[in-house]
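Below is run10.cif, which holds mmCIF, C-alpha atoms.
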```cif
data_entry
loop_
_atom_site.group_PDB
_atom_site.id
_atom_site.type_symbol
_atom_site.label_atom_id
_atom_site.label_comp_id
_atom_site.auth_asym_id
_atom_site.auth_seq_id
_atom_site.Cartn_x
_atom_site.Cartn_y
_atom_site.Cartn_z
ATOM 1 C CA MET G 1 60.561 91.072 94.777
ATOM 2 C CA ASP G 2 59.399 90.430 91.213
ATOM 3 C CA LEU G 3 61.653 89.204 88.429
ATOM 4 C CA ALA G 4 61.954 92.594 86.728
ATOM 5 C CA GLU G 5 63.060 94.265 89.950
ATOM 6 C CA SER G 6 65.566 91.520 90.747
ATOM 7 C CA ARG G 7 67.135 91.898 87.294
ATOM 8 C CA LYS G 8 67.483 95.687 87.433
ATOM 9 C CA VAL G 9 71.081 96.669 86.675
ATOM 10 C CA SER G 10 72.872 99.575 88.338
ATOM 11 C CA GLU G 11 76.369 100.999 88.146
ATOM 12 C CA LEU G 12 78.774 100.795 91.097
ATOM 13 C CA THR G 13 81.770 102.992 91.908
ATOM 14 C CA VAL G 14 84.264 102.196 94.664
ATOM 15 C CA PRO G 15 86.876 104.913 95.393
ATOM 16 C CA VAL G 16 90.491 103.742 95.599
ATOM 17 C CA SER G 17 93.676 105.691 96.278
ATOM 18 C CA TRP G 18 94.586 105.960 92.557
ATOM 19 C CA GLY G 19 91.040 106.655 91.261
ATOM 20 C CA GLU G 20 88.040 104.350 91.248
ATOM 21 C CA MET G 21 86.900 100.840 90.535
ATOM 22 C CA ARG G 22 83.706 100.444 88.560
ATOM 23 C CA GLY G 23 81.221 97.642 88.138
ATOM 24 C CA LYS G 24 77.616 96.581 87.590
ATOM 25 C CA VAL G 25 75.110 95.209 90.086
ATOM 26 C CA TRP G 26 72.153 92.887 89.536
ATOM 27 C CA GLY G 27 69.592 91.613 92.011
ATOM 28 C CA PRO G 28 67.842 92.584 95.248
ATOM 29 C CA ASP G 29 69.594 94.679 97.898
ATOM 30 C CA ASP G 30 69.259 91.871 100.448
ATOM 31 C CA GLY G 31 70.292 89.064 98.077
ATOM 32 C CA ARG G 32 73.125 86.673 98.891
ATOM 33 C CA PRO G 33 76.265 88.415 97.603
ATOM 34 C CA VAL G 34 78.143 86.993 94.619
ATOM 35 C CA LEU G 35 81.264 88.692 93.250
ATOM 36 C CA CYS G 36 81.994 88.143 89.530
ATOM 37 C CA LEU G 37 85.559 88.514 88.238
ATOM 38 C CA HIS G 38 86.244 88.716 84.504
ATOM 39 C CA GLY G 39 89.214 87.373 82.566
ATOM 40 C CA TRP G 40 92.338 89.016 81.208
ATOM 41 C CA ALA G 41 91.701 92.049 78.960
ATOM 42 C CA ASP G 42 87.899 91.637 79.309
ATOM 43 C CA ASN G 43 85.621 93.687 81.559
ATOM 44 C CA CYS G 44 82.554 93.117 83.707
ATOM 45 C CA GLY G 45 80.364 92.974 80.591
ATOM 46 C CA SER G 46 81.664 89.411 80.368
ATOM 47 C CA PHE G 47 78.787 88.454 82.701
ATOM 48 C CA ASN G 48 75.994 90.399 80.965
ATOM 49 C CA THR G 49 74.367 87.369 79.368
ATOM 50 C CA LEU G 50 74.995 84.868 82.185
ATOM 51 C CA ILE G 51 73.752 86.658 85.291
ATOM 52 C CA PRO G 52 70.117 87.044 84.095
ATOM 53 C CA LEU G 53 69.961 83.217 83.929
ATOM 54 C CA LEU G 54 71.151 82.686 87.510
ATOM 55 C CA PRO G 55 69.094 82.516 90.756
ATOM 56 C CA LYS G 56 67.255 85.784 91.345
ATOM 57 C CA GLU G 57 67.767 85.510 95.116
ATOM 58 C CA CYS G 58 71.411 86.571 94.761
ATOM 59 C CA ARG G 59 72.974 90.013 94.549
ATOM 60 C CA TYR G 60 75.584 89.900 91.784
ATOM 61 C CA LEU G 61 78.417 92.405 91.558
ATOM 62 C CA ALA G 62 80.618 92.209 88.456
ATOM 63 C CA VAL G 63 83.639 94.494 88.710
ATOM 64 C CA ASP G 64 86.017 95.963 86.158
ATOM 65 C CA LEU G 65 89.413 94.978 87.525
ATOM 66 C CA THR G 66 92.027 97.709 87.773
ATOM 67 C CA GLY G 67 93.193 98.733 84.300
ATOM 68 C CA HIS G 68 90.156 97.143 82.630
ATOM 69 C CA GLY G 69 86.791 98.470 81.477
ATOM 70 C CA LEU G 70 85.880 101.732 83.184
ATOM 71 C CA SER G 71 88.101 101.270 86.240
ATOM 72 C CA SER G 72 91.133 103.509 86.734
ATOM 73 C CA HIS G 73 94.547 102.419 85.548
ATOM 74 C CA CYS G 74 97.400 101.654 87.918
ATOM 75 C CA PRO G 75 99.784 104.552 88.564
ATOM 76 C CA PRO G 76 102.857 104.819 86.288
ATOM 77 C CA GLY G 77 105.560 102.274 87.013
ATOM 78 C CA VAL G 78 103.237 99.732 88.640
ATOM 79 C CA PHE G 79 103.086 96.193 87.248
ATOM 80 C CA TYR G 80 99.796 94.385 86.719
ATOM 81 C CA ASP G 81 100.183 91.047 88.485
ATOM 82 C CA PHE G 82 98.004 88.751 90.535
ATOM 83 C CA PRO G 83 98.629 90.381 93.946
ATOM 84 C CA VAL G 84 97.377 93.677 92.470
ATOM 85 C CA TYR G 85 94.116 92.055 91.370
ATOM 86 C CA VAL G 86 93.672 90.078 94.601
ATOM 87 C CA ALA G 87 94.078 93.352 96.488
ATOM 88 C CA ASP G 88 91.358 94.798 94.200
ATOM 89 C CA VAL G 89 88.960 92.188 95.550
ATOM 90 C CA ARG G 90 89.955 92.916 99.137
ATOM 91 C CA ARG G 91 89.378 96.640 98.664
ATOM 92 C CA VAL G 92 85.974 96.184 97.030
ATOM 93 C CA VAL G 93 84.570 93.798 99.638
ATOM 94 C CA ASP G 94 85.945 96.000 102.415
ATOM 95 C CA ALA G 95 84.166 99.031 100.937
ATOM 96 C CA LEU G 96 80.939 97.015 100.692
ATOM 97 C CA GLN G 97 81.413 95.564 104.177
ATOM 98 C CA TRP G 98 80.887 92.051 102.868
ATOM 99 C CA LYS G 99 81.830 89.453 105.453
ATOM 100 C CA LYS G 100 80.764 86.312 103.558
ATOM 101 C CA PHE G 101 80.162 85.944 99.835
ATOM 102 C CA SER G 102 80.553 83.703 96.805
ATOM 103 C CA ILE G 103 82.844 84.275 93.812
ATOM 104 C CA ILE G 104 82.420 83.454 90.135
ATOM 105 C CA GLY G 105 85.677 83.869 88.236
ATOM 106 C CA HIS G 106 86.352 83.414 84.534
ATOM 107 C CA SER G 107 89.863 82.608 83.291
ATOM 108 C CA MET G 108 92.247 85.049 85.004
ATOM 109 C CA GLY G 109 89.343 86.048 87.240
ATOM 110 C CA GLY G 110 89.234 82.430 88.407
ATOM 111 C CA GLU G 111 92.904 82.547 89.332
ATOM 112 C CA ILE G 112 92.326 85.752 91.295
ATOM 113 C CA ALA G 113 89.329 84.110 92.957
ATOM 114 C CA GLY G 114 91.339 80.994 93.818
ATOM 115 C CA MET G 115 94.084 83.005 95.491
ATOM 116 C CA PHE G 116 91.649 85.231 97.382
ATOM 117 C CA SER G 117 89.695 82.194 98.599
ATOM 118 C CA ALA G 118 92.909 80.689 99.966
ATOM 119 C CA LEU G 119 94.113 83.909 101.609
ATOM 120 C CA TYR G 120 90.698 84.738 103.106
ATOM 121 C CA PRO G 121 89.002 81.336 103.491
ATOM 122 C CA GLU G 122 86.613 82.612 106.162
ATOM 123 C CA MET G 123 85.083 85.103 103.720
ATOM 124 C CA VAL G 124 84.251 82.854 100.749
ATOM 125 C CA ASP G 125 81.460 80.253 101.003
ATOM 126 C CA ALA G 126 81.445 79.129 97.354
ATOM 127 C CA LEU G 127 83.920 79.382 94.494
ATOM 128 C CA ILE G 128 82.891 78.884 90.857
ATOM 129 C CA LEU G 129 85.694 78.678 88.291
ATOM 130 C CA LEU G 130 84.734 79.199 84.646
ATOM 131 C CA ASP G 131 87.303 77.685 82.284
ATOM 132 C CA SER G 132 89.929 78.208 84.958
ATOM 133 C CA TYR G 133 91.897 75.928 87.263
ATOM 134 C CA GLY G 134 92.040 78.482 90.080
ATOM 135 C CA PHE G 135 95.814 78.751 89.699
ATOM 136 C CA LEU G 136 98.207 79.014 86.751
ATOM 137 C CA PRO G 137 101.521 77.436 87.766
ATOM 138 C CA THR G 138 104.749 78.127 85.935
ATOM 139 C CA ASP G 139 107.618 75.720 85.482
ATOM 140 C CA VAL G 140 110.574 76.815 87.593
ATOM 141 C CA GLN G 141 112.831 76.936 84.540
ATOM 142 C CA GLU G 142 110.320 79.188 82.713
ATOM 143 C CA ALA G 143 109.781 81.626 85.580
ATOM 144 C CA VAL G 144 113.017 83.574 85.186
ATOM 145 C CA LYS G 145 112.505 84.052 81.448
ATOM 146 C CA VAL G 146 108.888 85.163 81.894
ATOM 147 C CA MET G 147 109.698 87.593 84.710
ATOM 148 C CA ARG G 148 112.530 89.123 82.712
ATOM 149 C CA GLN G 149 110.275 89.561 79.670
ATOM 150 C CA GLY G 150 107.627 91.303 81.769
ATOM 151 C CA MET G 151 110.158 93.757 83.170
ATOM 152 C CA ASP G 152 111.745 94.446 79.776
ATOM 153 C CA ASP G 153 108.330 95.073 78.222
ATOM 154 C CA MET G 154 107.515 97.625 80.922
ATOM 155 C CA VAL G 155 110.816 99.465 80.491
ATOM 156 C CA GLN G 156 110.378 99.667 76.713
ATOM 157 C CA PHE G 157 106.768 100.812 77.077
ATOM 158 C CA GLU G 158 107.747 103.648 79.387
ATOM 159 C CA LYS G 159 110.136 104.993 76.732
ATOM 160 C CA GLN G 160 107.285 105.509 74.258
ATOM 161 C CA ASN G 161 105.341 108.739 74.040
ATOM 162 C CA LYS G 162 101.664 108.674 74.897
ATOM 163 C CA GLU G 163 100.540 108.873 71.260
ATOM 164 C CA LYS G 164 102.365 105.647 70.417
ATOM 165 C CA GLN G 165 101.010 103.969 73.546
ATOM 166 C CA GLN G 166 97.369 104.532 72.615
ATOM 167 C CA LYS G 167 96.097 103.925 69.091
ATOM 168 C CA THR G 168 92.843 105.450 67.796
ATOM 169 C CA TYR G 169 90.285 103.361 65.854
ATOM 170 C CA THR G 170 86.873 103.671 64.299
ATOM 171 C CA TYR G 171 84.308 101.541 66.141
ATOM 172 C CA GLU G 172 84.278 99.051 63.292
ATOM 173 C CA LYS G 173 88.071 98.699 63.273
ATOM 174 C CA ALA G 174 88.086 98.324 67.069
ATOM 175 C CA ALA G 175 85.549 95.510 66.780
ATOM 176 C CA GLU G 176 87.709 93.838 64.135
ATOM 177 C CA ARG G 177 90.758 94.225 66.379
ATOM 178 C CA LEU G 178 89.025 92.617 69.356
ATOM 179 C CA LEU G 179 87.696 89.746 67.262
ATOM 180 C CA SER G 180 91.091 89.085 65.702
ATOM 181 C CA ALA G 181 92.604 88.760 69.186
ATOM 182 C CA ASN G 182 89.688 86.660 70.491
ATOM 183 C CA ALA G 183 88.440 84.539 67.609
ATOM 184 C CA ALA G 184 86.138 82.549 69.910
ATOM 185 C CA LEU G 185 83.959 85.592 70.646
ATOM 186 C CA SER G 186 80.601 85.833 68.896
ATOM 187 C CA GLU G 187 79.673 89.092 67.178
ATOM 188 C CA GLN G 188 77.231 89.879 69.979
ATOM 189 C CA SER G 189 79.899 89.204 72.602
ATOM 190 C CA VAL G 190 82.301 91.582 70.875
ATOM 191 C CA HIS G 191 79.757 94.401 71.049
ATOM 192 C CA ILE G 192 78.998 93.627 74.704
ATOM 193 C CA LEU G 193 82.654 93.840 75.707
ATOM 194 C CA LEU G 194 83.148 97.032 73.701
ATOM 195 C CA GLU G 195 80.404 98.799 75.694
ATOM 196 C CA ARG G 196 82.921 99.233 78.523
ATOM 197 C CA GLY G 197 85.996 98.514 76.458
ATOM 198 C CA LEU G 198 86.120 101.728 74.423
ATOM 199 C CA LEU G 199 86.425 105.425 75.185
ATOM 200 C CA GLN G 200 85.407 108.159 72.779
ATOM 201 C CA THR G 201 88.070 110.630 71.626
ATOM 202 C CA ASP G 202 88.116 113.471 69.111
ATOM 203 C CA GLY G 203 89.585 111.210 66.451
ATOM 204 C CA GLY G 204 87.506 108.087 67.094
ATOM 205 C CA VAL G 205 87.706 105.536 69.900
ATOM 206 C CA VAL G 206 90.505 104.032 71.989
ATOM 207 C CA PHE G 207 90.504 100.866 74.051
ATOM 208 C CA SER G 208 89.826 101.694 77.685
ATOM 209 C CA ARG G 209 92.076 99.009 79.146
ATOM 210 C CA ASP G 210 95.595 99.874 80.170
ATOM 211 C CA LEU G 211 98.005 98.506 77.574
ATOM 212 C CA ARG G 212 100.259 97.387 80.421
ATOM 213 C CA VAL G 213 97.861 94.540 81.203
ATOM 214 C CA ASN G 214 99.290 92.870 78.081
ATOM 215 C CA PHE G 215 102.713 92.419 79.667
ATOM 216 C CA LYS G 216 103.758 89.156 81.272
ATOM 217 C CA ASN G 217 102.701 88.703 84.885
ATOM 218 C CA ILE G 218 105.954 88.848 86.849
ATOM 219 C CA THR G 219 104.622 87.144 89.983
ATOM 220 C CA ARG G 220 104.797 83.386 89.484
ATOM 221 C CA LEU G 221 103.954 80.248 91.478
ATOM 222 C CA THR G 222 105.237 76.739 90.999
ATOM 223 C CA VAL G 223 102.789 73.845 90.873
ATOM 224 C CA GLU G 224 103.923 72.814 94.365
ATOM 225 C CA GLN G 225 103.144 76.283 95.726
ATOM 226 C CA SER G 226 99.810 76.333 93.893
ATOM 227 C CA LEU G 227 98.756 72.976 95.355
ATOM 228 C CA GLU G 228 99.759 74.040 98.852
ATOM 229 C CA ILE G 229 97.735 77.254 98.568
ATOM 230 C CA LEU G 230 94.781 75.402 97.020
ATOM 231 C CA MET G 231 94.584 73.209 100.124
ATOM 232 C CA ARG G 232 93.758 76.293 102.183
ATOM 233 C CA ILE G 233 90.497 76.951 100.334
ATOM 234 C CA GLU G 234 87.535 76.177 102.581
ATOM 235 C CA ALA G 235 84.784 77.168 100.157
ATOM 236 C CA ARG G 236 82.783 74.642 98.181
ATOM 237 C CA VAL G 237 84.177 74.659 94.624
ATOM 238 C CA LEU G 238 82.643 74.140 91.184
ATOM 239 C CA VAL G 239 84.994 73.967 88.195
ATOM 240 C CA VAL G 240 83.280 74.385 84.814
ATOM 241 C CA LEU G 241 85.698 73.714 81.964
ATOM 242 C CA ALA G 242 85.024 74.370 78.283
ATOM 243 C CA GLY G 243 85.764 71.500 75.931
ATOM 244 C CA ASP G 244 87.562 73.836 73.521
ATOM 245 C CA GLY G 245 88.678 76.289 76.161
ATOM 246 C CA CYS G 246 91.718 77.418 78.081
ATOM 247 C CA ASP G 247 93.864 74.337 77.486
ATOM 248 C CA LYS G 248 94.218 75.524 73.891
ATOM 249 C CA LEU G 249 95.177 79.046 74.960
ATOM 250 C CA PHE G 250 98.170 78.334 77.165
ATOM 251 C CA SER G 251 101.090 80.348 75.831
ATOM 252 C CA GLU G 252 103.863 78.925 78.006
ATOM 253 C CA ALA G 253 105.507 75.540 77.798
ATOM 254 C CA ASN G 254 104.620 73.012 80.502
ATOM 255 C CA GLN G 255 101.451 74.776 81.715
ATOM 256 C CA LYS G 256 99.197 72.021 80.391
ATOM 257 C CA LYS G 257 100.956 69.332 82.383
ATOM 258 C CA PHE G 258 100.006 71.035 85.647
ATOM 259 C CA THR G 259 96.258 71.147 85.015
ATOM 260 C CA SER G 260 95.638 67.468 85.765
ATOM 261 C CA GLU G 261 97.356 67.852 89.140
ATOM 262 C CA LEU G 262 95.177 70.842 90.023
ATOM 263 C CA LEU G 263 91.970 69.098 88.946
ATOM 264 C CA GLN G 264 92.889 65.994 90.927
ATOM 265 C CA ALA G 265 93.497 68.146 93.995
ATOM 266 C CA PHE G 266 89.988 69.594 93.687
ATOM 267 C CA ARG G 267 88.468 66.132 93.205
ATOM 268 C CA ASP G 268 90.390 64.757 96.187
ATOM 269 C CA ARG G 269 88.688 67.384 98.328
ATOM 270 C CA ASN G 270 85.261 66.352 96.983
ATOM 271 C CA HIS G 271 84.788 69.412 94.831
ATOM 272 C CA THR G 272 82.866 69.294 91.538
ATOM 273 C CA VAL G 273 84.496 69.367 88.091
ATOM 274 C CA VAL G 274 82.399 69.379 84.910
ATOM 275 C CA THR G 275 83.134 69.968 81.235
ATOM 276 C CA VAL G 276 80.688 71.655 78.850
ATOM 277 C CA PRO G 277 80.775 71.982 75.061
ATOM 278 C CA GLY G 278 82.057 75.349 73.934
ATOM 279 C CA ASP G 279 85.050 77.647 73.820
ATOM 280 C CA HIS G 280 86.840 79.831 76.343
ATOM 281 C CA HIS G 281 84.029 82.432 76.372
ATOM 282 C CA VAL G 282 81.135 79.957 76.398
ATOM 283 C CA HIS G 283 79.719 81.673 79.512
ATOM 284 C CA LEU G 284 79.282 84.837 77.415
ATOM 285 C CA ASN G 285 78.600 83.357 73.969
ATOM 286 C CA ARG G 286 76.226 80.590 75.085
ATOM 287 C CA PRO G 287 75.355 81.191 78.740
ATOM 288 C CA GLU G 288 72.496 78.680 78.632
ATOM 289 C CA VAL G 289 75.114 75.919 78.478
ATOM 290 C CA VAL G 290 76.822 77.019 81.682
ATOM 291 C CA ALA G 291 73.982 78.527 83.714
ATOM 292 C CA PRO G 292 72.285 75.257 84.846
ATOM 293 C CA PHE G 293 75.467 74.042 86.575
ATOM 294 C CA ILE G 294 76.061 77.379 88.297
ATOM 295 C CA SER G 295 72.421 77.791 89.295
ATOM 296 C CA ASP G 296 72.229 74.315 90.802
ATOM 297 C CA PHE G 297 75.476 74.914 92.685
ATOM 298 C CA LEU G 298 74.298 78.249 94.100
ATOM 299 C CA LEU G 299 70.891 76.835 95.024
ATOM 300 C CA THR G 300 72.253 73.787 96.827
ATOM 301 C CA LYS G 301 75.561 75.038 98.239
ATOM 302 C CA VAL G 302 74.731 78.659 99.052
ATOM 303 C CA LEU G 303 71.039 79.519 99.069
ATOM 304 C CA ALA G 304 70.079 76.314 100.877
ATOM 305 C CA GLN G 305 72.401 77.313 103.731
ATOM 306 C CA PRO G 306 71.433 79.901 106.364
ATOM 307 C CA ALA G 307 72.860 83.348 105.768
ATOM 308 C CA THR G 308 75.344 84.305 108.468
ATOM 309 C CA GLN G 309 74.997 88.002 107.810
ATOM 310 C CA VAL G 310 72.968 90.192 105.481
ATOM 311 C CA ASN G 311 75.170 92.496 103.415
ATOM 312 C CA THR G 312 73.339 95.702 102.631
ATOM 313 C CA GLN G 313 76.170 98.208 102.227
ATOM 314 C CA ILE G 314 76.277 97.652 98.457
ATOM 315 C CA SER G 315 72.947 99.405 97.974
ATOM 316 C CA ARG G 316 74.376 102.600 99.469
ATOM 317 C CA LEU G 317 77.483 102.884 97.297
#
```
Encoding of this model in structure tokens:
Amino acid sequence: MDLAESRKVSELTVPVSWGEMRGKVWGPDDGRPVLCLHGWADNCGSFNTLIPLLPKECRYLAVDLTGHGLSSHCPPGVFYDFPVYVADVRRVVDALQWKKFSIIGHSMGGEIAGMFSALYPEMVDALILLDSYGFLPTDVQEAVKVMRQGMDDMVQFEKQNKEKQQKTYTYEKAAERLLSANAALSEQSVHILLERGLLQTDGGVVFSRDLRVNFKNITRLTVEQSLEILMRIEARVLVVLAGDGCDKLFSEANQKKFTSELLQAFRDRNHTVVTVPGDHHVHLNRPEVVAPFISDFLLTKVLAQPATQVNTQISRL
């Protein structure tokens, strides 16, 4: 398998009961499977610049989570919360008949990956968290307020007509809108995310993501619950934090105080934690900063180990 063949990109569609989940695939059909999960309000284009720098022996699948990118939106009345996204992962790997695989998760994708790895420890051999702590605990006193806000936002949204729910932009204005909400993105990164982040309409373009993903996640864990669940992860773990990353993005009081407890729990279990220079999207903006750590981890913790089963179903979907 030459380098060009191993880097060929194809589109993936997985049928689900409410529509389909979409994604992109890199690498040889018989490569060691690696699932890539993007962050909140992003899409699988988040990995476009990183994956070409990673070991060519792997088969990388980056999915658009439900309500993001080109994947179908949840049915009316359904909340977007972490169990929904964790179930996304379970459905995809079931369709692909993957029995053992690695996960790379950025931001919210890391939290989904952390939960899945704890619920299905026998399926995940390596977990790579990009500017994510694997869990996002909420202070008990904050949980009620946050859950109430999420429910109120949904009720108010459902009262709006469809025209108010979805605003039309020119491409240039959409790019400005994305950059204003994500100031850390480079210009190139903005255009990459918009490839799957926009849909063409008669009057211009609209964002493809479901606006309901913006509402507060109503399913919350305390730090004690998070630590207990973390202990159930059997996979080898690499945490790659950005020096100017997610710590600066926390929107809820008390979230920062939990991060040191989560990191210490990973270190106590002999997992690896590193910090790189860059912002929350450093894996997309400057993948060469992150790629050496991920590549070394995959080479030593995954590819150096014997494969228990070859997963080939992905090439037929």
What's the 9 Å shell around stretch 53-56 of chain G, counting all atoms listed in the file, without same-chain residues fewer than 6 positions away, as a PDB file with C-alpha atoms, in the coordinates of the input?
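Output below, filename result-v9.pdb:
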```
ATOM      1  CA  LEU G   3      61.653  89.204  88.429  1.00  0.00           C
ATOM      2  CA  SER G   6      65.566  91.520  90.747  1.00  0.00           C
ATOM      3  CA  ARG G   7      67.135  91.898  87.294  1.00  0.00           C
ATOM      4  CA  TRP G  26      72.153  92.887  89.536  1.00  0.00           C
ATOM      5  CA  GLY G  27      69.592  91.613  92.011  1.00  0.00           C
ATOM      6  CA  PRO G  28      67.842  92.584  95.248  1.00  0.00           C
ATOM      7  CA  GLY G  31      70.292  89.064  98.077  1.00  0.00           C
ATOM      8  CA  PRO G 287      75.355  81.191  78.740  1.00  0.00           C
ATOM      9  CA  GLU G 288      72.496  78.680  78.632  1.00  0.00           C
ATOM     10  CA  ALA G 291      73.982  78.527  83.714  1.00  0.00           C
ATOM     11  CA  PRO G 292      72.285  75.257  84.846  1.00  0.00           C
ATOM     12  CA  ILE G 294      76.061  77.379  88.297  1.00  0.00           C
ATOM     13  CA  SER G 295      72.421  77.791  89.295  1.00  0.00           C
ATOM     14  CA  ASP G 296      72.229  74.315  90.802  1.00  0.00           C
ATOM     15  CA  LEU G 298      74.298  78.249  94.100  1.00  0.00           C
ATOM     16  CA  LEU G 299      70.891  76.835  95.024  1.00  0.00           C
TER      17      LEU G 299
END
```
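If you look at atom CA of G:Leu65 and atom CA of G:Ala307, they are 27.2 Å away from each other.
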Exercise for the section: List the residues selected by the PyMOL selection byres ((chain G and resi 144) around 12) in the file shown, writing them as a ChimeraX atom specification. Expected result: /G:138-143,145-151,216-222
Problem - Radius query 7 Å about (95.2, 101.3, 83.2), atoms used: only C-alpha atoms, as a list in words - result: Thr66, Gly67, His68, Ser72, His73, Cys74, Arg209, Asp210, Leu211 and Arg212 of chain G
Practice task
Just the residues within 7 Å of stretch 133-135 of chain G, please, counting all atoms listed in the file, with nothing from its chain fewer than 6 positions along; format it as a ChimeraX atom specification.
Solution key: /G:110-111,113-114,226,259,262
Exercise for the section: Tell me, in Å to one decimal, how far atom CA of G:Ala265 is from atom CA of G:Val239. Expected result: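 Computing the Euclidean distance for atom CA of G:Ala265 and atom CA of G:Val239 yields 11.8 Å.
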Exercise for the section: Work out how far atom CA of G:His191 is from atom CA of G:Val84, in Å to one decimal. Expected result: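 According to the coordinates, atom CA of G:Val84 and atom CA of G:His191 are separated by 27.7 Å.
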Exercise for the section: Pick out the closest residue to G:Phe157 from this set: G:Leu199, G:Ser117, G:Phe79, G:Tyr169. Count all atoms listed in the file. Expected result: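 Ranking G:Leu199, G:Ser117, G:Phe79, G:Tyr169 by distance to G:Phe157, first place goes to G:Phe79.
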Handout entry: Residues within 9 Å of (81.5, 67.8, 83.6), file coords, all atoms listed in the file, listed as a PyMOL selection string
Key = chain G and resi 239-241+272-276
Write out as AutoDock Vina command-line options an axis-aligned box for stretch 288-304 of chain G: all of its atoms listed in the file, 6 Å added on each side, centre and edge lengths in Å with one decimal.
```
--center_x 73.5 --center_y 76.7 --center_z 89.7 --size_x 18.7 --size_y 17.7 --size_z 34.4
```
Handout entry: Which of G:Arg267, G:Arg59, G:Trp98, G:Leu179 sits closest to G:Leu193 [using only C-alpha atoms]
Key = G:Leu179
Exercise for the section: Go through G:Arg232, G:Thr300, G:Gly39, G:Val237 one by one, measure the shortest atom-to-atom distance of each to G:Glu122 using only C-alpha atoms, and give the residue with the smallest value. Expected result: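 Among G:Arg232, G:Thr300, G:Gly39, G:Val237, it is G:Arg232 that comes nearest to G:Glu122.
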Any chance you could work out the residue set of the PyMOL selection byres ((chain G and resi 35) around 9) here, as a PDB file with C-alpha atoms, in the frame of the given file?
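The resulting file, expr-v5.pdb, is reproduced below:
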```pdb
ATOM      1  CA  PRO G  33      76.265  88.415  97.603  1.00  0.00           C
ATOM      2  CA  VAL G  34      78.143  86.993  94.619  1.00  0.00           C
ATOM      3  CA  CYS G  36      81.994  88.143  89.530  1.00  0.00           C
ATOM      4  CA  LEU G  37      85.559  88.514  88.238  1.00  0.00           C
ATOM      5  CA  ARG G  59      72.974  90.013  94.549  1.00  0.00           C
ATOM      6  CA  TYR G  60      75.584  89.900  91.784  1.00  0.00           C
ATOM      7  CA  LEU G  61      78.417  92.405  91.558  1.00  0.00           C
ATOM      8  CA  ALA G  62      80.618  92.209  88.456  1.00  0.00           C
ATOM      9  CA  VAL G  63      83.639  94.494  88.710  1.00  0.00           C
ATOM     10  CA  VAL G  89      88.960  92.188  95.550  1.00  0.00           C
ATOM     11  CA  VAL G  93      84.570  93.798  99.638  1.00  0.00           C
ATOM     12  CA  PHE G 101      80.162  85.944  99.835  1.00  0.00           C
ATOM     13  CA  SER G 102      80.553  83.703  96.805  1.00  0.00           C
ATOM     14  CA  ILE G 103      82.844  84.275  93.812  1.00  0.00           C
ATOM     15  CA  ILE G 104      82.420  83.454  90.135  1.00  0.00           C
ATOM     16  CA  GLY G 105      85.677  83.869  88.236  1.00  0.00           C
TER      17      GLY G 105
END
```
Handout entry: Given the PyMOL selection byres ((chain G and resi 47) around 8), the residues it picks as a PyMOL selection string
Key = chain G and resi 36+38+44-46+48-51+62+283-284
With C-alpha atoms retained, write the just-selected residues as a PDB file, in the frame of the given file.
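What landed in again32.pdb:
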```pdb
ATOM      1  CA  CYS G  36      81.994  88.143  89.530  1.00  0.00           C
ATOM      2  CA  HIS G  38      86.244  88.716  84.504  1.00  0.00           C
ATOM      3  CA  CYS G  44      82.554  93.117  83.707  1.00  0.00           C
ATOM      4  CA  GLY G  45      80.364  92.974  80.591  1.00  0.00           C
ATOM      5  CA  SER G  46      81.664  89.411  80.368  1.00  0.00           C
ATOM      6  CA  ASN G  48      75.994  90.399  80.965  1.00  0.00           C
ATOM      7  CA  THR G  49      74.367  87.369  79.368  1.00  0.00           C
ATOM      8  CA  LEU G  50      74.995  84.868  82.185  1.00  0.00           C
ATOM      9  CA  ILE G  51      73.752  86.658  85.291  1.00  0.00           C
ATOM     10  CA  ALA G  62      80.618  92.209  88.456  1.00  0.00           C
ATOM     11  CA  HIS G 283      79.719  81.673  79.512  1.00  0.00           C
ATOM     12  CA  LEU G 284      79.282  84.837  77.415  1.00  0.00           C
TER      13      LEU G 284
END
```
Practice task
Fewer than 6 positions away in the same chain doesn't count, so skip those; otherwise give me all residues within 8 Å of G:Pro277, counting all atoms listed in the file, as a ChimeraX atom specification.
Solution key: /G:242-244,289
Practice task
Pick out the closest residue to G:Ser17 from this set: G:Asp88, G:Glu57, G:Glu224, G:Glu158. Count only C-alpha atoms.
Solution key: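 Among G:Asp88, G:Glu57, G:Glu224, G:Glu158, it is G:Asp88 that comes nearest to G:Ser17.
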